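See below for model36.pdb, which holds PDB, C-alpha atoms.
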```pdb
ATOM      1  CA  MET A 106      21.817 -59.050 -36.052
ATOM      2  CA  SER A 107      25.427 -58.976 -35.018
ATOM      3  CA  LEU A 108      26.906 -57.065 -32.122
ATOM      4  CA  SER A 109      28.452 -54.463 -34.461
ATOM      5  CA  ASP A 110      25.040 -53.930 -36.098
ATOM      6  CA  LYS A 111      23.450 -53.399 -32.684
ATOM      7  CA  ILE A 112      26.162 -50.921 -31.717
ATOM      8  CA  ALA A 113      25.716 -49.059 -35.026
ATOM      9  CA  LEU A 114      21.925 -48.956 -34.531
ATOM     10  CA  GLY A 115      22.394 -47.675 -30.970
ATOM     11  CA  ALA A 116      24.819 -45.010 -32.182
ATOM     12  CA  LEU A 117      22.386 -43.983 -34.924
ATOM     13  CA  SER A 118      19.550 -43.759 -32.382
ATOM     14  CA  LEU A 119      21.658 -41.646 -30.026
ATOM     15  CA  SER A 120      22.659 -39.376 -32.914
ATOM     16  CA  GLY A 121      19.006 -38.906 -33.840
ATOM     17  CA  ILE A 122      18.094 -38.084 -30.241
ATOM     18  CA  ALA A 123      21.030 -35.674 -29.981
ATOM     19  CA  PHE A 124      19.906 -33.986 -33.206
ATOM     20  CA  LEU A 125      16.342 -33.578 -31.908
ATOM     21  CA  VAL A 126      17.605 -32.206 -28.592
ATOM     22  CA  SER A 127      19.806 -29.723 -30.472
ATOM     23  CA  VAL A 128      16.898 -28.537 -32.630
ATOM     24  CA  TYR A 129      14.691 -28.184 -29.563
ATOM     25  CA  SER A 130      17.362 -26.247 -27.658
ATOM     26  CA  ILE A 131      17.788 -23.878 -30.629
ATOM     27  CA  TYR A 132      14.020 -23.326 -30.617
ATOM     28  CA  LEU A 133      14.049 -22.664 -26.853
ATOM     29  CA  GLN A 134      16.977 -20.253 -27.150
ATOM     30  CA  LYS A 135      15.184 -18.323 -29.896
ATOM     31  CA  ARG A 136      12.031 -18.184 -27.798
ATOM     32  CA  LEU A 137      13.980 -16.986 -24.734
ATOM     33  CA  ASN A 138      15.577 -14.240 -26.807
ATOM     34  CA  GLU A 139      12.131 -13.096 -27.971
ATOM     35  CA  ILE A 140      10.827 -13.179 -24.386
ATOM     36  CA  ASN A 141      13.781 -11.151 -23.116
ATOM     37  CA  LEU A 142      13.345  -8.596 -25.887
ATOM     38  CA  GLN A 143       9.636  -8.132 -25.200
ATOM     39  CA  ALA A 144      10.192  -8.118 -21.434
ATOM     40  CA  GLY A 145      12.564  -5.198 -21.912
ATOM     41  CA  TYR A 146       9.909  -3.357 -23.886
ATOM     42  CA  PHE A 147       7.301  -4.057 -21.186
ATOM     43  CA  GLU A 148       9.636  -2.651 -18.530
ATOM     44  CA  ARG A 149      10.569   0.470 -20.486
ATOM     45  CA  ILE A 150       7.012   1.250 -21.532
ATOM     46  CA  PHE A 151       5.034   0.489 -18.383
ATOM     47  CA  GLU A 152       7.397   1.155 -15.464
ATOM     48  CA  ASP A 153       6.666   4.884 -15.122
ATOM     49  CA  TYR A 154       2.943   4.282 -15.547
ATOM     50  CA  PHE A 155       2.806   1.620 -12.820
ATOM     51  CA  VAL A 156       5.129   3.308 -10.356
ATOM     52  CA  ARG A 157       4.133   6.946 -10.698
ATOM     53  CA  ARG A 158       1.598   8.100 -13.263
ATOM     54  CA  ILE A 159      -1.361   5.766 -12.660
ATOM     55  CA  PRO A 160      -1.180   5.908  -8.833
ATOM     56  CA  GLU A 161      -0.902   9.718  -8.855
ATOM     57  CA  SER A 162      -3.901  10.065 -11.164
ATOM     58  CA  ALA A 163      -5.964   7.460  -9.330
ATOM     59  CA  ARG A 164      -5.470   9.259  -6.009
ATOM     60  CA  LYS A 165      -7.207  12.308  -7.478
ATOM     61  CA  LEU A 166     -10.471  10.442  -8.163
ATOM     62  CA  HIS A 167     -13.312  11.746  -6.026
ATOM     63  CA  PHE A 168     -16.876  12.980  -6.220
ATOM     64  CA  ASN A 169     -17.456  16.735  -6.162
ATOM     65  CA  SER A 170     -20.097  18.723  -4.290
ATOM     66  CA  ASP A 171     -22.548  18.112  -7.170
ATOM     67  CA  ASN A 172     -22.333  14.354  -6.449
ATOM     68  CA  ARG A 173     -20.626  13.722  -9.764
ATOM     69  CA  LEU A 174     -17.226  12.291 -10.486
ATOM     70  CA  ASP A 175     -14.870  15.240 -10.301
ATOM     71  CA  ALA A 176     -13.214  16.485 -13.492
ATOM     72  CA  SER A 177      -9.908  15.185 -12.123
ATOM     73  CA  TYR A 178     -10.870  11.857 -13.745
ATOM     74  CA  ARG A 179      -9.642  13.437 -16.990
ATOM     75  CA  ASP A 180      -6.071  13.218 -15.700
ATOM     76  CA  LEU A 181      -6.436   9.463 -15.375
ATOM     77  CA  ASN A 182      -8.013   9.234 -18.825
ATOM     78  CA  LEU A 183      -5.123  11.203 -20.254
ATOM     79  CA  VAL A 184      -2.569   8.949 -18.549
ATOM     80  CA  MET A 185      -4.309   5.853 -19.894
ATOM     81  CA  MET A 186      -4.468   7.291 -23.419
ATOM     82  CA  HIS A 187      -0.761   8.115 -23.295
ATOM     83  CA  MET A 188      -0.030   4.596 -22.075
ATOM     84  CA  ILE A 189      -1.939   3.103 -25.007
ATOM     85  CA  LYS A 190      -0.101   5.414 -27.391
ATOM     86  CA  ASP A 191       3.267   4.546 -25.865
ATOM     87  CA  CYS A 192       2.692   0.805 -26.122
ATOM     88  CA  ALA A 193       1.632   0.859 -29.798
ATOM     89  CA  TYR A 194       4.578  -1.467 -30.530
ATOM     90  CA  PHE A 195       2.434  -4.275 -29.110
ATOM     91  CA  ASP A 196      -0.210  -3.620 -31.765
ATOM     92  CA  TYR A 197       2.255  -5.351 -34.072
ATOM     93  CA  ALA A 198       4.173  -7.651 -31.720
ATOM     94  CA  LYS A 199       1.288  -8.908 -29.517
ATOM     95  CA  HIS A 200      -1.869  -7.792 -31.261
ATOM     96  CA  ASP A 201      -4.337  -9.690 -29.048
ATOM     97  CA  PHE A 202      -2.767  -8.210 -25.910
ATOM     98  CA  TYR A 203      -2.861  -4.690 -27.364
ATOM     99  CA  ASP A 204      -6.501  -5.005 -28.468
ATOM    100  CA  LYS A 205      -7.603  -6.276 -25.061
ATOM    101  CA  LEU A 206      -5.661  -3.518 -23.296
ATOM    102  CA  CYS A 207      -7.289  -0.883 -25.537
ATOM    103  CA  GLU A 208     -10.705  -2.369 -24.806
ATOM    104  CA  MET A 209     -10.122  -2.375 -21.038
ATOM    105  CA  THR A 210      -8.917   1.241 -20.977
ATOM    106  CA  LYS A 211     -11.748   2.357 -23.236
ATOM    107  CA  ASN A 212     -14.303   0.731 -20.927
ATOM    108  CA  LEU A 213     -12.760   2.488 -17.934
ATOM    109  CA  GLU A 214     -12.804   5.814 -19.767
ATOM    110  CA  GLU A 215     -16.459   5.420 -20.792
ATOM    111  CA  ARG A 216     -17.396   4.450 -17.274
ATOM    112  CA  MET A 217     -15.750   7.546 -15.800
ATOM    113  CA  ILE A 218     -17.353   9.811 -18.402
ATOM    114  CA  ASN A 219     -20.777   8.383 -17.521
ATOM    115  CA  LEU A 220     -20.133   8.872 -13.811
ATOM    116  CA  ALA A 221     -19.077  12.485 -14.412
ATOM    117  CA  GLY A 222     -22.368  13.120 -16.181
ATOM    118  CA  ASN A 223     -24.659  11.551 -13.575
ATOM    119  CA  ASP A 224     -25.430  12.323  -9.947
ATOM    120  CA  LEU A 225     -24.621   9.689  -7.339
ATOM    121  CA  ASP A 226     -26.210  10.988  -4.127
ATOM    122  CA  SER A 227     -25.294   8.234  -1.699
ATOM    123  CA  ARG A 228     -21.894   8.710  -0.070
ATOM    124  CA  ILE A 229     -21.640   4.940   0.384
ATOM    125  CA  GLU A 230     -22.245   4.413  -3.335
ATOM    126  CA  GLN A 231     -19.641   7.062  -4.156
ATOM    127  CA  VAL A 232     -17.031   5.254  -2.053
ATOM    128  CA  LYS A 233     -17.971   1.912  -3.634
ATOM    129  CA  THR A 234     -17.733   3.467  -7.076
ATOM    130  CA  ILE A 235     -14.260   4.915  -6.448
ATOM    131  CA  HIS A 236     -13.182   1.521  -5.119
ATOM    132  CA  SER A 237     -14.639  -0.140  -8.216
ATOM    133  CA  LEU A 238     -12.788   2.262 -10.536
ATOM    134  CA  ARG A 239      -9.555   1.495  -8.718
ATOM    135  CA  GLN A 240     -10.314  -2.207  -9.087
ATOM    136  CA  ASP A 241     -10.687  -1.674 -12.847
ATOM    137  CA  LEU A 242      -7.236  -0.056 -12.816
ATOM    138  CA  THR A 243      -5.884  -2.989 -10.826
ATOM    139  CA  ASP A 244      -7.343  -5.372 -13.401
ATOM    140  CA  ILE A 245      -5.594  -3.472 -16.192
ATOM    141  CA  VAL A 246      -2.265  -3.575 -14.342
ATOM    142  CA  LYS A 247      -2.699  -7.296 -13.593
ATOM    143  CA  PHE A 248      -3.511  -7.948 -17.246
ATOM    144  CA  ILE A 249      -0.326  -6.180 -18.333
ATOM    145  CA  ASN A 250       1.738  -8.000 -15.705
ATOM    146  CA  LYS A 251       0.280 -11.346 -16.725
ATOM    147  CA  ASN A 252       1.298 -10.684 -20.308
ATOM    148  CA  TYR A 253       4.719  -9.475 -19.198
ATOM    149  CA  MET A 254       5.257 -12.803 -17.463
ATOM    150  CA  LYS A 255       4.423 -14.639 -20.707
ATOM    151  CA  ALA A 256       6.177 -12.083 -22.907
TER     152      ALA A 256
END
```
With the file now loaded, output its structure as C-alpha coordinates.
Amino acid sequence: MSLSDKIALGALSLSGIAFLVSVYSIYLQKRLNEINLQAGYFERIFEDYFVRRIPESARKLHFNSDNRLDASYRDLNLVMMHMIKDCAYFDYAKHDFYDKLCEMTKNLEERMINLAGNDLDSRIEQVKTIHSLRQDLTDIVKFINKNYMKA
(Lines of atoms letter the chains of each structure in order from A and count residues from 1; the text may use other names and numbers.)
(Lines give C-alpha, C1' and ligand atoms only; values in the text may rest on other atoms or scores of the structure.)
Protein backbone atom coordinates (compact mmCIF):
# COMPACT_ATOMS: atom_id res chain seq x y z
CA MET A 1 0.00 0.00 0.00
CA SER A 2 1.50 3.28 -1.05
CA LEU A 3 1.65 6.45 0.99
CA SER A 4 -1.12 8.07 -1.09
CA ASP A 5 -3.34 5.02 -0.49
CA LYS A 6 -2.73 5.28 3.26
CA ILE A 7 -3.56 8.99 3.22
CA ALA A 8 -6.75 8.31 1.22
CA LEU A 9 -7.76 5.54 3.65
CA GLY A 10 -7.09 7.85 6.61
CA ALA A 11 -9.14 10.62 5.00
CA LEU A 12 -11.97 8.17 4.31
CA SER A 13 -11.87 6.97 7.93
CA LEU A 14 -11.95 10.54 9.24
CA SER A 15 -14.85 11.36 6.92
CA GLY A 16 -16.77 8.35 8.22
CA ILE A 17 -16.12 9.36 11.83
CA ALA A 18 -17.13 12.95 11.08
CA PHE A 19 -20.34 11.68 9.46
CA LEU A 20 -21.18 9.54 12.50
CA VAL A 21 -20.46 12.43 14.86
CA SER A 22 -22.72 14.68 12.78
CA VAL A 23 -25.57 12.15 12.86
CA TYR A 24 -25.16 11.71 16.60
CA SER A 25 -25.11 15.47 17.21
CA ILE A 26 -28.31 15.86 15.15
CA TYR A 27 -29.91 13.14 17.29
CA LEU A 28 -28.77 14.88 20.50
CA GLN A 29 -30.04 18.26 19.30
CA LYS A 30 -33.44 16.76 18.49
CA ARG A 31 -33.57 15.10 21.89
CA LEU A 32 -32.60 18.36 23.65
CA ASN A 33 -35.36 20.19 21.79
CA GLU A 34 -37.89 17.58 22.95
CA ILE A 35 -36.60 17.83 26.53
CA ASN A 36 -36.83 21.63 26.49
CA LEU A 37 -40.36 21.50 25.10
CA GLN A 38 -41.56 19.04 27.73
CA ALA A 39 -39.71 20.87 30.50
CA GLY A 40 -41.66 23.99 29.57
CA TYR A 41 -44.90 22.05 29.83
CA PHE A 42 -43.88 20.64 33.23
CA GLU A 43 -43.16 24.16 34.50
CA ARG A 44 -46.38 25.69 33.18
CA ILE A 45 -48.58 22.86 34.40
CA PHE A 46 -47.13 22.09 37.82
CA GLU A 47 -45.65 25.36 39.10
CA ASP A 48 -48.85 26.72 40.68
CA TYR A 49 -49.67 23.32 42.16
CA PHE A 50 -46.25 22.93 43.79
CA VAL A 51 -45.85 26.50 44.98
CA ARG A 52 -49.36 27.34 46.12
CA ARG A 53 -52.25 24.94 45.66
CA ILE A 54 -50.92 21.69 47.14
CA PRO A 55 -49.26 23.32 50.19
CA GLU A 56 -52.38 25.38 50.96
CA SER A 57 -54.62 22.31 50.75
CA ALA A 58 -52.24 20.09 52.70
CA ARG A 59 -52.10 22.59 55.58
CA LYS A 60 -55.85 22.14 56.05
CA LEU A 61 -55.58 18.40 56.76
CA HIS A 62 -56.57 17.57 60.32
CA PHE A 63 -58.78 15.27 62.35
CA ASN A 64 -62.08 16.65 63.62
CA SER A 65 -63.71 16.21 67.03
CA ASP A 66 -65.24 12.91 65.83
CA ASN A 67 -61.69 11.53 65.38
CA ARG A 68 -62.14 11.35 61.63
CA LEU A 69 -60.23 13.08 58.90
CA ASP A 70 -61.91 16.45 58.52
CA ALA A 71 -63.89 17.18 55.36
CA SER A 72 -61.18 19.68 54.41
CA TYR A 73 -59.41 16.70 52.78
CA ARG A 74 -61.82 17.24 49.88
CA ASP A 75 -59.97 20.44 48.99
CA LEU A 76 -56.78 18.46 48.53
CA ASN A 77 -58.62 15.82 46.50
CA LEU A 78 -60.05 18.53 44.29
CA VAL A 79 -56.61 20.10 43.78
CA MET A 80 -55.14 16.72 42.84
CA MET A 81 -57.99 15.99 40.42
CA HIS A 82 -57.50 19.37 38.76
CA MET A 83 -53.77 18.70 38.50
CA ILE A 84 -54.42 15.38 36.76
CA LYS A 85 -56.88 17.07 34.42
CA ASP A 86 -54.44 19.88 33.67
CA CYS A 87 -51.59 17.52 32.84
CA ALA A 88 -53.61 15.35 30.43
CA TYR A 89 -51.09 16.28 27.71
CA PHE A 90 -48.75 13.75 29.31
CA ASP A 91 -51.29 10.99 28.71
CA TYR A 92 -50.13 11.25 25.11
CA ALA A 93 -46.56 12.53 25.44
CA LYS A 94 -45.39 10.45 28.45
CA HIS A 95 -48.07 7.84 28.98
CA ASP A 96 -46.22 5.78 31.61
CA PHE A 97 -45.58 8.90 33.70
CA TYR A 98 -49.22 10.00 33.43
CA ASP A 99 -50.55 6.55 34.38
CA LYS A 100 -48.29 6.32 37.42
CA LEU A 101 -49.22 9.85 38.50
CA CYS A 102 -52.93 9.01 38.19
CA GLU A 103 -52.39 5.85 40.22
CA MET A 104 -50.51 7.70 42.97
CA THR A 105 -53.16 10.43 43.27
CA LYS A 106 -55.97 7.89 43.21
CA ASN A 107 -54.34 5.93 46.04
CA LEU A 108 -54.00 9.12 48.08
CA GLU A 109 -57.63 10.01 47.43
CA GLU A 110 -58.87 6.55 48.43
CA ARG A 111 -56.75 6.64 51.55
CA MET A 112 -58.19 9.99 52.64
CA ILE A 113 -61.75 8.85 51.93
CA ASN A 114 -61.19 5.77 54.10
CA LEU A 115 -59.74 7.89 56.90
CA ALA A 116 -62.72 10.26 56.73
CA GLY A 117 -65.05 7.30 57.19
CA ASN A 118 -63.25 5.69 60.14
CA ASP A 119 -62.50 6.79 63.68
CA LEU A 120 -58.87 7.12 64.73
CA ASP A 121 -58.99 7.68 68.50
CA SER A 122 -55.31 7.97 69.31
CA ARG A 123 -53.94 11.50 68.95
CA ILE A 124 -50.50 10.04 68.26
CA GLU A 125 -51.91 7.93 65.43
CA GLN A 126 -53.72 10.97 64.04
CA VAL A 127 -50.46 12.94 63.92
CA LYS A 128 -48.65 9.99 62.32
CA THR A 129 -51.44 9.66 59.78
CA ILE A 130 -51.32 13.35 58.80
CA HIS A 131 -47.54 13.05 58.48
CA SER A 132 -47.98 9.95 56.33
CA LEU A 133 -50.48 11.72 54.05
CA ARG A 134 -48.04 14.58 53.63
CA GLN A 135 -45.33 12.05 52.83
CA ASP A 136 -47.58 10.62 50.10
CA LEU A 137 -47.88 14.15 48.70
CA THR A 138 -44.11 14.54 48.88
CA ASP A 139 -43.71 11.28 46.98
CA ILE A 140 -46.03 12.55 44.25
CA VAL A 141 -44.11 15.82 43.97
CA LYS A 142 -40.78 13.95 43.89
CA PHE A 143 -42.12 11.64 41.19
CA ILE A 144 -43.13 14.62 39.06
CA ASN A 145 -39.79 16.35 39.66
CA LYS A 146 -37.88 13.20 38.78
CA ASN A 147 -39.74 13.00 35.49
CA TYR A 148 -39.22 16.71 34.88
CA MET A 149 -35.48 16.16 35.19
CA LYS A 150 -35.65 13.41 32.55
CA ALA A 151 -38.26 15.23 30.46
Separation of CA of Ile189 in chain A from CA of Ile249 in chain A in Å: 11.5 Å
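Ranking A:Phe124, A:Phe168, A:Tyr178, A:Tyr146 by their shortest atom-to-atom distance to Asp191 in chain A, with all atoms listed in the file included, puts A:Tyr146 first.
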Using all atoms listed in the file for the distances, tell me which of A:Asn182, A:Ala116, A:Glu230, A:Lys190 is nearest to Lys211 in chain A. A:Asn182
Please provide the set of residues having any atom within 8 Å of range 162-166 of chain A, restricted to all atoms listed in the file, with same-chain residues fewer than 6 positions apart removed, written as number ranges by chain. A: 174-175, 177-178, 180-181, 184, 235, 239
Could you take the residues named above and write them with C-alpha atoms, as a tab-separated table (two decimals), in the frame of the given file?
```tsv
chain	number	residue	atom	x	y	z
A	174	LEU	CA	-17.23	12.29	-10.49
A	175	ASP	CA	-14.87	15.24	-10.30
A	177	SER	CA	-9.91	15.18	-12.12
A	178	TYR	CA	-10.87	11.86	-13.74
A	180	ASP	CA	-6.07	13.22	-15.70
A	181	LEU	CA	-6.44	9.46	-15.38
A	184	VAL	CA	-2.57	8.95	-18.55
A	235	ILE	CA	-14.26	4.92	-6.45
A	239	ARG	CA	-9.56	1.50	-8.72
```
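Shortest separation to Glu152 in chain A among A:Val232, A:Ile131, A:Ala221, A:Met188 occurs at residue A:Met188, atoms counted being all atoms listed in the file.
The space between CA of Leu206 in chain A and CA of Phe248 in chain A spans 7.8 Å.
CA of Glu161 in chain A is found 18.0 Å from CA of Thr234 in chain A.
Between Leu225 in chain A and the residues A:Leu142, A:Ile245, A:Ala123, A:Arg173, the shortest atom-to-atom distance, using only C-alpha atoms, involves A:Arg173.
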Using all atoms listed in the file and a cutoff of 12 Å, can you tell me which residues are near (9.0, -2.2, -22.8) in the file's coordinates, and write them out as a ChimeraX atom specification? /A:140-154,188,191-195,198,249-250,252-253,256
Taking all atoms of range 249-252 of chain A that the file lists and extending 4 Å past them on each side, where is the centre of the axis-aligned box and how long are its edges? Answer in Å to one decimal, as lines of an AutoDock Vina configuration file.
```
center_x = 0.7
center_y = -8.8
center_z = -18.0
size_x = 10.1
size_y = 13.2
size_z = 12.6
```
Which of these, A:Leu133, A:Met185, A:His167, A:Thr210, has the shortest distance to His236 in chain A once you count all atoms listed in the file? A:His167
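The shortest atom-to-atom distance to Glu139 in chain A, with all atoms listed in the file taken into account, belongs to A:Lys199 out of A:Lys199, A:Ala113, A:Ser107, A:Val246.
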